[in-house]
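Trainee: One file: query.txt (compact mmCIF, C-alpha atoms).
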# COMPACT_ATOMS: atom_id res chain seq x y z
CA MET A 1186 115.93 -143.72 -19.82
CA GLU A 1187 119.01 -145.86 -19.22
CA ALA A 1188 122.23 -144.11 -18.28
CA ASP A 1189 123.94 -145.28 -21.47
CA THR A 1190 121.17 -143.83 -23.56
CA LEU A 1191 121.37 -140.57 -21.67
CA HIS A 1192 125.08 -140.47 -22.20
CA ASP A 1193 124.45 -140.56 -25.95
CA LEU A 1194 122.59 -137.28 -25.65
CA THR A 1195 125.68 -135.30 -24.70
CA ALA A 1196 126.42 -134.02 -28.21
CA ALA A 1197 122.81 -133.06 -28.87
CA TYR A 1198 122.72 -131.23 -25.55
CA ALA A 1199 125.93 -129.37 -26.42
CA LEU A 1200 124.28 -128.27 -29.66
CA ASP A 1201 121.04 -127.27 -27.87
CA ALA A 1202 119.31 -129.87 -30.03
CA LEU A 1203 117.39 -131.83 -27.42
CA ASP A 1204 113.65 -131.72 -27.16
CA PRO A 1205 112.67 -130.09 -23.86
CA GLU A 1206 111.78 -133.34 -22.03
CA ASP A 1207 115.01 -135.01 -23.06
CA ALA A 1208 116.96 -131.92 -22.03
CA ARG A 1209 115.46 -131.97 -18.53
CA GLU A 1210 116.13 -135.66 -18.14
CA TYR A 1211 119.68 -135.20 -19.36
CA GLU A 1212 120.32 -132.37 -16.90
CA VAL A 1213 119.19 -134.54 -14.00
CA HIS A 1214 121.56 -137.24 -15.19
CA LEU A 1215 124.35 -134.71 -15.67
CA ALA A 1216 124.20 -133.70 -12.02
CA ARG A 1217 125.39 -137.16 -11.01
CA CYS A 1218 127.52 -138.29 -13.93
CA GLU A 1219 131.07 -137.03 -13.90
CA ARG A 1220 131.86 -138.66 -17.23
CA CYS A 1221 129.03 -136.79 -18.95
CA ARG A 1222 130.16 -133.52 -17.40
CA GLU A 1223 133.63 -134.05 -18.79
CA ASP A 1224 132.38 -135.01 -22.23
CA LEU A 1225 129.97 -132.11 -22.23
CA ALA A 1226 132.75 -129.66 -21.44
CA GLU A 1227 134.73 -130.84 -24.44
CA LEU A 1228 131.83 -131.13 -26.85
CA SER A 1229 130.45 -127.72 -25.83
CA GLN A 1230 133.74 -126.15 -26.67
CA ALA A 1231 133.64 -127.71 -30.13
CA ALA A 1232 130.00 -126.67 -30.57
CA THR A 1233 130.84 -123.10 -29.60
CA ALA A 1234 133.58 -123.01 -32.20
CA LEU A 1235 130.75 -123.16 -34.74
CA ALA A 1236 129.80 -119.64 -33.66
CA TYR A 1237 133.05 -118.43 -35.17
CA ALA A 1238 132.37 -119.99 -38.57
CA SER A 1239 129.81 -117.32 -39.49
CA GLU A 1240 130.71 -114.13 -41.22
CA ALA A 1241 130.59 -111.48 -38.53
CA PRO A 1242 128.61 -108.32 -39.14
CA ALA A 1243 129.02 -105.73 -36.41
CA PRO A 1244 126.01 -105.44 -34.12
CA PRO A 1245 124.41 -101.99 -33.93
CA PRO A 1246 126.21 -99.78 -31.38
CA GLU A 1247 122.97 -99.18 -29.44
CA LEU A 1248 122.89 -102.83 -28.41
CA ARG A 1249 125.88 -102.40 -26.11
CA ALA A 1250 124.35 -99.38 -24.41
CA ARG A 1251 121.03 -101.15 -24.02
CA ILE A 1252 122.58 -104.21 -22.38
CA LEU A 1253 124.57 -102.07 -19.93
CA GLN A 1254 121.55 -99.96 -19.09
CA GLU A 1255 119.40 -103.02 -18.47
CA ALA A 1256 122.14 -104.61 -16.33
CA SER A 1257 122.37 -101.45 -14.25
CA ARG A 1258 118.61 -101.38 -13.78
CA GLU A 1259 118.63 -104.99 -12.62
CA ARG A 1260 121.41 -104.43 -10.16
CA ALA A 1261 119.37 -101.77 -8.42
CA ASN A 1262 116.98 -104.55 -7.40
CA VAL A 1263 119.61 -106.89 -6.13
CA VAL A 1264 120.51 -107.31 -2.48
CA PRO A 1265 124.18 -106.68 -1.66
CA LEU A 1266 126.30 -109.57 -2.63
CA ARG A 1267 127.23 -112.57 -0.70
CA PRO A 1268 130.96 -113.15 -0.79
CA ARG A 1269 131.89 -114.76 -4.03
CA TRP A 1270 134.99 -116.53 -5.04
CA VAL A 1271 137.59 -114.50 -6.68
CA ARG A 1272 140.25 -116.44 -8.42
CA PRO A 1273 143.59 -114.69 -8.39
CA VAL A 1274 144.87 -114.48 -11.88
CA ALA A 1275 148.28 -116.03 -12.03
CA ALA A 1276 150.87 -113.91 -13.75
CA ALA A 1277 151.30 -116.48 -16.49
CA ALA A 1278 147.58 -116.59 -17.10
CA ALA A 1279 147.47 -112.83 -17.30
CA VAL A 1280 150.17 -112.79 -19.91
CA ALA A 1281 148.43 -115.56 -21.81
CA ALA A 1282 145.28 -113.52 -21.75
CA ILE A 1283 146.73 -110.41 -23.28
CA VAL A 1284 146.07 -111.93 -26.60
CA ALA A 1285 142.67 -113.35 -25.97
CA ILE A 1286 141.24 -110.17 -27.42
CA GLY A 1287 137.78 -111.07 -28.46
CA LEU A 1288 138.57 -114.72 -28.79
CA GLY A 1289 138.21 -117.18 -25.97
CA LEU A 1290 139.50 -119.94 -28.19
CA TRP A 1291 142.79 -118.18 -28.21
CA ALA A 1292 144.86 -118.04 -25.11
CA MET A 1293 148.27 -117.36 -26.26
CA SER A 1294 151.42 -117.49 -24.24
CA LEU A 1295 154.32 -115.36 -25.03
CA SER A 1296 157.87 -115.84 -24.00
CA ASN A 1297 158.71 -115.48 -20.35
CA ARG A 1298 161.66 -113.55 -21.56
CA LEU A 1299 159.38 -110.80 -22.65
CA ASP A 1300 159.96 -109.23 -19.30
CA SER A 1301 157.44 -106.45 -19.55
CA ARG A 1302 153.89 -106.28 -20.64
CA GLU A 1303 154.82 -103.65 -23.17
CA ARG A 1304 157.19 -105.98 -24.90
CA ALA A 1305 154.64 -108.78 -24.80
CA LEU A 1306 152.11 -106.46 -26.34
CA THR A 1307 154.57 -105.47 -29.01
CA ALA A 1308 155.05 -109.10 -29.96
CA GLN A 1309 151.30 -109.59 -29.99
CA GLU A 1310 150.82 -106.53 -32.16
CA ARG A 1311 153.41 -107.75 -34.59
CA VAL A 1312 151.67 -111.10 -34.96
CA THR A 1313 148.33 -109.41 -35.35
CA GLN A 1314 149.65 -107.05 -37.97
CA ILE A 1315 151.07 -109.90 -40.01
CA LEU A 1316 147.75 -111.72 -39.71
CA ALA A 1317 145.84 -108.63 -40.72
CA ARG A 1318 147.63 -108.09 -44.00
CA PRO A 1319 145.46 -109.12 -46.88
CA ASP A 1320 148.43 -110.55 -48.75
CA SER A 1321 149.45 -112.86 -45.88
CA ARG A 1322 149.16 -116.53 -46.56
CA LYS A 1323 148.96 -119.35 -44.11
CA ILE A 1324 150.83 -122.59 -44.33
CA SER A 1325 149.17 -125.07 -42.02
CA PHE A 1326 150.89 -128.11 -40.68
CA ASP A 1327 150.21 -130.73 -38.07
CA ARG A 1328 150.71 -128.60 -35.00
CA GLY A 1329 150.20 -125.07 -36.14
CA THR A 1330 150.43 -122.48 -38.83
CA LEU A 1331 153.11 -120.36 -40.44
CA ILE A 1332 151.86 -116.99 -41.60
CA VAL A 1333 153.95 -115.12 -44.15
CA SER A 1334 153.21 -111.76 -45.69
CA ARG A 1335 154.27 -110.99 -49.24
CA SER A 1336 157.17 -108.95 -47.94
CA GLY A 1337 158.38 -111.98 -45.98
CA ASP A 1338 157.36 -110.86 -42.47
CA ALA A 1339 156.31 -114.00 -40.71
CA ALA A 1340 154.81 -115.41 -37.54
CA LEU A 1341 154.68 -118.94 -36.28
CA VAL A 1342 151.60 -120.10 -34.36
CA LEU A 1343 151.90 -123.41 -32.52
CA ARG A 1344 149.32 -125.22 -30.47
CA ASN A 1345 149.69 -127.11 -27.24
CA LEU A 1346 153.45 -127.13 -27.09
CA GLU A 1347 154.95 -128.51 -23.90
CA ARG A 1348 157.17 -126.08 -22.03
CA PRO A 1349 160.91 -126.55 -22.46
CA LYS A 1350 162.90 -128.13 -19.67
CA PRO A 1351 164.28 -125.74 -17.04
CA GLY A 1352 167.29 -123.89 -18.35
CA ARG A 1353 166.21 -124.48 -21.94
CA THR A 1354 164.28 -122.42 -24.45
CA TYR A 1355 162.82 -122.90 -27.88
CA GLU A 1356 164.48 -121.03 -30.69
CA ALA A 1357 163.12 -120.38 -34.16
CA TRP A 1358 165.41 -120.25 -37.20
CA VAL A 1359 165.05 -119.20 -40.78
CA ALA A 1360 167.16 -121.17 -43.24
CA GLU A 1361 167.51 -120.28 -46.88
CA PRO A 1362 168.75 -122.90 -49.29
CA GLY A 1363 172.53 -122.98 -49.27
CA SER A 1364 173.10 -120.85 -46.17
CA SER A 1365 173.13 -121.52 -42.44
CA PRO A 1366 170.04 -120.96 -40.31
CA ARG A 1367 169.68 -117.48 -38.82
CA PRO A 1368 168.23 -117.05 -35.30
CA ALA A 1369 164.67 -115.74 -35.50
CA GLY A 1370 163.40 -115.55 -31.94
CA LEU A 1371 163.07 -117.33 -28.58
CA PHE A 1372 159.86 -118.61 -27.07
CA GLU A 1373 158.31 -120.93 -24.50
CA GLY A 1374 155.54 -123.50 -24.79
CA GLY A 1375 151.88 -123.04 -24.08
CA ASP A 1376 148.37 -123.82 -25.30
CA VAL A 1377 148.78 -121.44 -28.17
CA VAL A 1378 152.12 -119.88 -28.87
CA ALA A 1379 152.48 -117.04 -31.36
CA VAL A 1380 155.97 -116.07 -32.32
CA PRO A 1381 156.71 -113.11 -34.56
CA LEU A 1382 159.86 -114.11 -36.40
CA ASP A 1383 162.82 -111.74 -36.25
CA GLN A 1384 163.94 -112.70 -39.75
CA PRO A 1385 162.07 -112.38 -43.01
CA VAL A 1386 161.02 -115.69 -44.56
CA PRO A 1387 161.53 -115.62 -48.34
CA ASP A 1388 159.83 -118.06 -50.70
CA GLY A 1389 161.42 -121.47 -50.43
CA ALA A 1390 163.03 -120.80 -47.02
CA LEU A 1391 162.61 -123.16 -44.10
CA VAL A 1392 161.47 -122.21 -40.64
CA LEU A 1393 163.00 -124.50 -38.04
CA VAL A 1394 162.54 -124.80 -34.29
CA THR A 1395 165.07 -126.33 -31.92
CA GLU A 1396 165.48 -126.56 -28.18
CA GLU A 1397 168.49 -124.56 -27.00
CA PRO A 1398 170.12 -123.51 -23.73
CA ASP A 1399 168.61 -120.46 -22.06
CA GLY A 1400 169.33 -117.25 -23.89
CA GLY A 1401 169.42 -119.01 -27.25
CA ARG A 1402 172.33 -119.59 -29.57
CA GLN A 1403 173.59 -118.05 -32.79
CA ALA A 1404 173.52 -121.44 -34.53
CA PRO A 1405 171.40 -124.51 -33.71
CA THR A 1406 173.00 -126.97 -31.29
CA SER A 1407 170.31 -129.63 -31.63
CA ASP A 1408 168.22 -131.18 -34.38
CA PRO A 1409 165.00 -129.31 -35.15
CA PHE A 1410 161.74 -130.79 -33.91
CA LEU A 1411 159.80 -128.68 -36.33
CA GLN A 1412 160.47 -127.76 -39.92
CA VAL A 1413 158.11 -125.83 -42.18
CA GLU A 1414 158.83 -124.75 -45.71
CA ASN A 1415 157.53 -121.48 -47.05
CA ALA A 1416 156.58 -123.23 -50.26
CA SER A 1417 155.69 -120.90 -53.11
CA PRO A 1418 152.01 -121.06 -53.96
CA SER A 1419 151.73 -122.99 -57.19
CA MET B 907 136.18 -94.61 -14.63
CA ALA B 908 138.25 -95.94 -17.44
CA ARG B 909 140.11 -99.07 -16.55
CA SER B 910 142.16 -101.31 -18.70
CA PHE B 911 141.13 -104.95 -18.84
CA ALA B 912 143.46 -105.85 -21.64
CA HIS B 913 145.71 -107.92 -19.41
CA LEU B 914 142.89 -109.95 -17.87
CA SER B 915 141.77 -113.33 -19.12
CA ASP B 916 138.16 -113.88 -20.16
CA GLU B 917 137.70 -115.94 -17.01
CA ALA B 918 138.99 -113.13 -14.80
CA ILE B 919 136.57 -110.74 -16.50
CA VAL B 920 133.68 -113.08 -15.70
CA ALA B 921 134.85 -113.17 -12.06
CA LEU B 922 134.52 -109.38 -12.02
CA VAL B 923 131.11 -109.58 -13.68
CA ALA B 924 130.11 -111.93 -10.85
CA ARG B 925 130.89 -109.07 -8.46
CA SER B 926 128.50 -106.87 -10.42
CA ASP B 927 131.27 -104.87 -12.01
CA GLN B 928 129.52 -103.19 -14.87
CA SER B 929 132.63 -102.13 -16.71
CA ALA B 930 133.66 -105.81 -16.74
CA LEU B 931 130.34 -106.60 -18.40
CA ALA B 932 131.12 -103.94 -20.99
CA GLU B 933 134.50 -105.57 -21.56
CA LEU B 934 132.87 -108.97 -21.95
CA TYR B 935 130.57 -107.45 -24.55
CA ASP B 936 133.47 -105.84 -26.37
CA ARG B 937 135.20 -109.21 -26.57
CA PHE B 938 132.25 -111.36 -27.56
CA GLY B 939 129.39 -109.12 -28.64
CA ARG B 940 130.28 -109.34 -32.26
CA VAL B 941 130.62 -113.09 -32.54
CA ALA B 942 127.52 -113.53 -30.37
CA TYR B 943 125.55 -111.27 -32.68
CA SER B 944 126.76 -112.98 -35.81
CA VAL B 945 125.71 -116.41 -34.64
CA ALA B 946 122.36 -115.11 -33.35
CA LEU B 947 121.76 -113.44 -36.70
CA ARG B 948 122.64 -116.59 -38.57
CA ILE B 949 120.12 -118.54 -36.52
CA LEU B 950 117.34 -115.97 -36.45
CA ARG B 951 117.82 -114.18 -39.80
CA ASP B 952 116.31 -111.10 -38.26
CA GLU B 953 118.31 -108.24 -36.80
CA LYS B 954 115.86 -107.31 -34.05
CA LEU B 955 115.48 -110.88 -32.86
CA ALA B 956 119.23 -111.39 -32.99
CA GLU B 957 119.71 -108.31 -30.81
CA ASP B 958 117.15 -109.69 -28.36
CA ALA B 959 118.99 -113.01 -28.16
CA VAL B 960 122.33 -111.29 -27.55
CA GLN B 961 120.83 -109.01 -24.92
CA GLU B 962 119.13 -111.88 -23.09
CA GLY B 963 122.30 -113.95 -23.26
CA PHE B 964 124.48 -111.22 -21.79
CA LEU B 965 121.93 -110.45 -19.09
CA ALA B 966 121.83 -114.15 -18.20
CA ALA B 967 125.61 -113.94 -17.87
CA TRP B 968 125.22 -110.85 -15.66
CA ARG B 969 122.81 -112.67 -13.35
CA ASN B 970 124.58 -116.01 -13.28
CA ALA B 971 128.25 -115.17 -13.49
CA ASP B 972 128.80 -116.41 -9.93
CA ARG B 973 127.86 -119.90 -11.09
CA PHE B 974 130.44 -119.95 -13.81
CA MET B 975 133.09 -122.57 -13.13
CA PRO B 976 136.34 -121.77 -14.86
CA GLU B 977 137.66 -125.26 -14.18
CA ARG B 978 134.74 -126.62 -16.17
CA ALA B 979 134.52 -124.38 -19.20
CA GLN B 980 136.14 -121.49 -20.95
CA ALA B 981 134.36 -118.20 -20.39
CA SER B 982 133.80 -117.86 -24.14
CA THR B 983 132.11 -121.27 -24.31
CA TRP B 984 129.92 -120.44 -21.36
CA LEU B 985 128.86 -117.05 -22.70
CA LEU B 986 128.28 -118.12 -26.28
CA THR B 987 126.28 -121.11 -25.03
CA LEU B 988 124.00 -118.71 -23.14
CA VAL B 989 123.48 -116.61 -26.28
CA HIS B 990 123.02 -119.66 -28.49
CA ARG B 991 120.39 -121.06 -26.18
CA ARG B 992 118.41 -117.81 -26.25
CA ALA B 993 118.63 -117.67 -30.04
CA VAL B 994 117.44 -121.25 -30.41
CA ASP B 995 114.58 -120.65 -27.95
CA LEU B 996 113.53 -117.64 -29.99
CA VAL B 997 113.73 -119.36 -33.35
CA ARG B 998 111.59 -122.21 -32.02
CA ARG B 999 109.11 -119.84 -30.42
CA GLU B 1000 108.82 -117.72 -33.53
CA ASN B 1001 108.67 -120.88 -35.59
CA ARG B 1002 110.62 -119.05 -38.20
CA ARG B 1003 111.53 -120.73 -41.40
CA ARG B 1004 114.74 -122.54 -40.79
CA ALA B 1005 115.03 -124.49 -43.99
CA GLU B 1006 116.34 -121.83 -46.31
CA ALA B 1007 119.77 -122.08 -47.71
CA LEU B 1008 122.26 -120.12 -45.68
CA PRO B 1009 123.04 -116.74 -47.20
CA GLU B 1010 126.21 -116.34 -49.15
CA ASP B 1011 129.05 -114.59 -47.44
CA THR B 1012 128.57 -110.88 -47.55
CA ASP B 1013 131.00 -108.05 -47.15
CA TYR B 1014 130.07 -106.67 -43.80
CA ALA B 1015 131.24 -103.37 -42.47
CA ALA B 1016 134.56 -103.69 -40.74
CA SER B 1017 134.55 -103.25 -36.99
CA ASP B 1018 136.44 -100.46 -35.30
CA SER B 1019 139.42 -102.63 -34.80
CA ALA B 1020 141.40 -104.14 -37.62
CA GLU B 1021 142.99 -106.44 -35.08
CA ASP B 1022 139.66 -107.91 -34.03
CA ASP B 1023 138.79 -108.39 -37.67
CA ALA B 1024 142.02 -110.18 -38.35
CA TRP B 1025 141.57 -112.55 -35.42
CA LEU B 1026 137.96 -113.22 -36.24
CA ARG B 1027 138.81 -113.91 -39.85
CA PHE B 1028 141.64 -116.19 -38.87
CA GLU B 1029 139.43 -118.09 -36.47
CA ARG B 1030 136.56 -118.26 -38.97
CA GLU B 1031 138.78 -119.75 -41.63
CA ARG B 1032 140.16 -122.25 -39.15
CA VAL B 1033 136.70 -123.45 -38.11
CA GLN B 1034 135.42 -123.49 -41.68
CA ALA B 1035 138.41 -125.54 -42.75
CA ALA B 1036 137.73 -128.03 -39.96
CA LEU B 1037 134.04 -128.21 -40.88
CA SER B 1038 134.85 -128.84 -44.51
CA LYS B 1039 136.78 -131.95 -43.52
CA LEU B 1040 133.76 -133.59 -41.91
CA PRO B 1041 131.73 -136.13 -43.87
CA ASP B 1042 128.72 -134.39 -45.46
CA GLN B 1043 126.12 -136.10 -43.29
CA GLN B 1044 127.87 -135.17 -40.06
CA ARG B 1045 128.39 -131.59 -41.14
CA GLU B 1046 124.77 -131.35 -42.18
CA ALA B 1047 123.59 -132.62 -38.79
CA LEU B 1048 125.81 -130.15 -36.91
CA GLU B 1049 124.84 -127.18 -39.07
CA LEU B 1050 121.11 -127.86 -39.01
CA ALA B 1051 121.21 -128.32 -35.25
CA TYR B 1052 123.49 -125.42 -34.34
CA TYR B 1053 122.50 -122.82 -36.93
CA GLY B 1054 119.03 -124.13 -37.76
CA GLY B 1055 117.89 -124.69 -34.20
CA PHE B 1056 116.36 -128.06 -35.09
CA THR B 1057 115.99 -130.61 -32.32
CA GLN B 1058 117.22 -134.13 -32.93
CA SER B 1059 113.68 -135.44 -33.43
CA GLU B 1060 112.92 -132.64 -35.92
CA LEU B 1061 116.12 -133.50 -37.72
CA ALA B 1062 115.24 -137.19 -37.82
CA GLU B 1063 111.93 -136.35 -39.44
CA ARG B 1064 113.41 -133.83 -41.82
CA LEU B 1065 116.18 -136.11 -43.00
CA GLY B 1066 114.07 -139.28 -42.95
CA GLN B 1067 116.44 -141.07 -40.59
CA PRO B 1068 115.99 -142.77 -37.21
CA VAL B 1069 116.74 -140.55 -34.21
CA GLY B 1070 119.59 -142.90 -33.30
CA THR B 1071 121.29 -142.16 -36.59
CA ILE B 1072 120.99 -138.41 -36.08
CA LYS B 1073 122.32 -138.74 -32.55
CA SER B 1074 125.34 -140.64 -33.71
CA ARG B 1075 126.04 -138.22 -36.58
CA MET B 1076 125.99 -135.33 -34.12
CA PHE B 1077 128.19 -137.13 -31.64
CA THR B 1078 130.72 -138.35 -34.16
CA GLY B 1079 130.71 -135.04 -36.02
CA LEU B 1080 131.23 -132.95 -32.93
CA ALA B 1081 133.93 -135.22 -31.53
CA ARG B 1082 135.71 -135.15 -34.89
CA LEU B 1083 135.37 -131.38 -35.11
CA ARG B 1084 136.97 -131.09 -31.72
CA GLU B 1085 139.91 -133.18 -32.90
CA LEU B 1086 140.24 -131.18 -36.08
CA LEU B 1087 140.31 -127.95 -34.16
CA GLY B 1088 143.16 -129.40 -32.19
CA GLU B 1089 141.89 -128.34 -28.85
CA PRO B 1090 143.41 -130.55 -26.23
CA GLY B 1091 140.98 -131.92 -23.68
CA PRO B 1092 141.62 -131.76 -19.95
CA GLY B 1093 144.23 -134.27 -18.95
CA GLU B 1094 145.46 -134.73 -22.47
CA THR B 1095 149.20 -134.62 -22.67
CA ALA B 1096 150.87 -131.71 -24.32
CA TRP B 1097 152.89 -131.99 -27.44
CA LYS B 1098 156.39 -133.07 -26.64
CA PRO B 1099 158.95 -131.96 -29.17
CA THR B 1100 160.76 -134.90 -30.70
CA PRO B 1101 163.88 -133.96 -32.65
CA PHE B 1102 164.31 -135.49 -36.06
CA THR B 1103 167.38 -135.52 -38.20
CA THR B 1104 167.29 -133.42 -41.31
What does this structure look like when you write it as structure tokens?

Mentor:
Amino acid sequence: MEADTLHDLTAAYALDALDPEDAREYEVHLARCERCREDLAELSQAATALAYASEAPAPPPELRARILQEASRERANVVPLRPRWVRPVAAAAAVAAIVAIGLGLWAMSLSNRLDSRERALTAQERVTQILARPDSRKISFDRGTLIVSRSGDAALVLRNLERPKPGRTYEAWVAEPGSSPRPAGLFEGGDVVAVPLDQPVPDGALVLVTEEPDGGRQAPTSDPFLQVENASPS
Amino acid sequence: MARSFAHLSDEAIVALVARSDQSALAELYDRFGRVAYSVALRILRDEKLAEDAVQEGFLAAWRNADRFMPERAQASTWLLTLVHRRAVDLVRRENRRRAEALPEDTDYAASDSAEDDAWLRFERERVQAALSKLPDQQREALELAYYGGFTQSELAERLGQPVGTIKSRMFTGLARLRELLGEPGPGETAWKPTPFTT
């Protein structure tokens, strides 16, 4: 098969939808085609997202024990290990990973200013709690989601936000009609940023984000680059 | 020995699995066992077979974790691909009926952790929303391939279309799904905040 034709098989391969002969041929091609490897990485990630679209019944508890038992039995037959790479986990990555509980698609970064893991975990728990409330609703916009519970507790989730310049931070604000914005929390950028807001967000209020000097300010000193309205459900 | 893995990334956990750390394997299962099982069950429609697929997938991860390349894929993608492949192999081997309508959403028992449930629900809604934005024919091709385990030539026959058409629906659909999910590809530039005047 021509290389171009093989390249067209990338999506089908990512979906495990190739007939066995095509799959073998594609794998041979893959070994020497950097472009296909890159495309495959991206398309596989999208294909795997489909796994999350199914309702999730809990597997029977015995399954876990069985897998561990079988793994242990196999290890008994394995020769001691050759040295393997161990990738040191950068501090930032470790923080980002706190939140990846159960979800590889989520790697959330929390503010660097959360100077201890405990505080980072607290922020994470707050976001999770808001998410978990059955009365929470989500307002999606171009770059993320605002989640607001009926009582007004809110979290802002942003994707792929560039980090602020050195000496600067992002600051969230809650503005009610007719009054000045109130500071609602500082955060940094990251692949996925989840910010529990320090202020309640009533119906009709705006959530704004600005870039501010380190440490934040009591009132915005720059124009917002993000503005989301907690519009009442009609 | 109880150890906390909570602060480690999925990729770091796989690195420990590669060193035959069994408690890391347990952690990997605790993070992904549920979603792995749900997709296997959706494909196989049989609890025992779904358990087999999950078990074989995790054992493949146990044996091959040293070949995992974190610069190439997320650990979740790698692991769920292993499980998906086992499930699809099984459904083809068993030649199970794959044409039935997918079951309606059911109220399943909640897991031990309300937090996990909340994240899974959030993620499920996000992916479902993205799927619902795809043109019908693309969504159909993705769903029949990923959940039905049909190969592209089986799909061509089933839908009465040339293989080339199926291929392009899968490619376009998957690429569009990736955009909709907003996952930046490697090398893609991050979002740069641009102030606007209110």

Trainee: Determine the nearest neighbour of Ala1036 (chain B) from the options B:Ala966, B:Leu947, B:Val989, B:Ala1081, counting only C-alpha atoms.

Mentor: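 Nearest to Ala1036 (chain B): B:Ala1081.
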
Trainee: One decimal, Å: what's the distance from CA of Ala1208 (chain A) over to CA of Ser982 (chain B), could you say?

Mentor: 22.0 Å

Trainee: Could you check the closest approach to chain A for each of B:His913, B:Arg1075, B:Arg1032, B:Arg992 and tell me which residue wins, using only C-alpha atoms?

Mentor: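 Of all the options, B:His913 lies closest to chain A.
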
Trainee: Kindly extract all protein, DNA and RNA residues lying within 10 Å of the coordinates (167.4, -119.6, -43.6) given in the file, considering all atoms listed in the file, and supply them as a list in words.

Mentor: Trp1358, Val1359, Ala1360, Glu1361, Pro1362, Gly1363, Ser1364, Ser1365, Pro1366, Arg1367, Pro1368, Ala1369, Gln1384, Pro1385, Val1386, Pro1387, Gly1389, Ala1390, Leu1391, Val1392 and Leu1393 of chain A

Trainee: Rank B:Glu977, B:Asp952, B:Glu957, B:Glu1063 by their smallest atom-to-atom distance to chain A, using only C-alpha atoms, and report the top residue only.

Mentor: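 Closest to chain A of all the choices is B:Glu957.
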
Trainee: Calculate, to one decimal in Å, the centre and edge lengths of the box along x, y and z of the file that holds all listed atoms of region 1056-1067 of chain B with 5 Å of margin on each side, and present them as AutoDock Vina command-line options.

Mentor:
--center_x 114.6 --center_y -134.6 --center_z -37.7 --size_x 15.3 --size_y 23.0 --size_z 20.7

Trainee: If we count all atoms listed in the file and set the cut-off at 12 Å, which residues sit around Leu1382 (chain A), ignoring sequence neighbours fewer than 4 positions away in its own chain? Please answer as a VMD selection string.

Mentor: chain A and resid 1308 to 1309 1311 to 1312 1315 1331 to 1334 1337 to 1342 1356 to 1359 1367 to 1372 1386 1392 to 1394

Trainee: Could you pull out every residue with an atom within 12 Å of (119.1, -117.6, -25.2), file coordinates, counting all atoms listed in the file, and send them as JSON, numbers by chain?

Mentor: {"A": [1201], "B": [942, 943, 945, 946, 949, 950, 955, 956, 957, 958, 959, 960, 961, 962, 963, 964, 965, 966, 967, 984, 985, 986, 987, 988, 989, 990, 991, 992, 993, 994, 995, 996, 997, 998, 999, 1055]}

Trainee: To one decimal in Å, tell me the separation between CA of Ser944 (chain B) and CA of Leu1225 (chain A).

Mentor: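 Going from CA of Ser944 (chain B) over to CA of Leu1225 (chain A), I get 23.7 Å.
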
Trainee: Since the input is missing atoms, can you rebuild N, CA and C atoms for region 1059-1070 of chain B and write them as a JSON list (two decimals), in the coordinates of the input?

Mentor:
[["chain", "number", "residue", "atom", "x", "y", "z"],
["B", 1059, "SER", "N", 114.83, -134.74, -32.85],
["B", 1059, "SER", "CA", 113.68, -135.44, -33.43],
["B", 1059, "SER", "C", 113.18, -134.71, -34.69],
["B", 1060, "GLU", "N", 113.26, -133.37, -34.69],
["B", 1060, "GLU", "CA", 112.92, -132.64, -35.92],
["B", 1060, "GLU", "C", 113.86, -133.01, -37.06],
["B", 1061, "LEU", "N", 115.13, -133.14, -36.70],
["B", 1061, "LEU", "CA", 116.12, -133.50, -37.72],
["B", 1061, "LEU", "C", 115.87, -134.89, -38.28],
["B", 1062, "ALA", "N", 115.50, -135.82, -37.38],
["B", 1062, "ALA", "CA", 115.24, -137.19, -37.82],
["B", 1062, "ALA", "C", 114.10, -137.18, -38.85],
["B", 1063, "GLU", "N", 113.07, -136.41, -38.54],
["B", 1063, "GLU", "CA", 111.93, -136.35, -39.44],
["B", 1063, "GLU", "C", 112.32, -135.70, -40.77],
["B", 1064, "ARG", "N", 113.04, -134.59, -40.64],
["B", 1064, "ARG", "CA", 113.41, -133.83, -41.82],
["B", 1064, "ARG", "C", 114.32, -134.62, -42.76],
["B", 1065, "LEU", "N", 115.21, -135.38, -42.18],
["B", 1065, "LEU", "CA", 116.18, -136.11, -43.00],
["B", 1065, "LEU", "C", 115.74, -137.55, -43.27],
["B", 1066, "GLY", "N", 114.57, -137.93, -42.72],
["B", 1066, "GLY", "CA", 114.07, -139.28, -42.95],
["B", 1066, "GLY", "C", 114.98, -140.35, -42.38],
["B", 1067, "GLN", "N", 115.54, -140.11, -41.21],
["B", 1067, "GLN", "CA", 116.44, -141.07, -40.59],
["B", 1067, "GLN", "C", 115.96, -141.35, -39.16],
["B", 1068, "PRO", "N", 116.31, -142.52, -38.62],
["B", 1068, "PRO", "CA", 115.99, -142.77, -37.21],
["B", 1068, "PRO", "C", 116.72, -141.78, -36.30],
["B", 1069, "VAL", "N", 116.11, -141.48, -35.15],
["B", 1069, "VAL", "CA", 116.74, -140.55, -34.21],
["B", 1069, "VAL", "C", 118.14, -141.03, -33.83],
["B", 1070, "GLY", "N", 118.28, -142.34, -33.67],
["B", 1070, "GLY", "CA", 119.59, -142.90, -33.30],
["B", 1070, "GLY", "C", 120.68, -142.52, -34.29]]
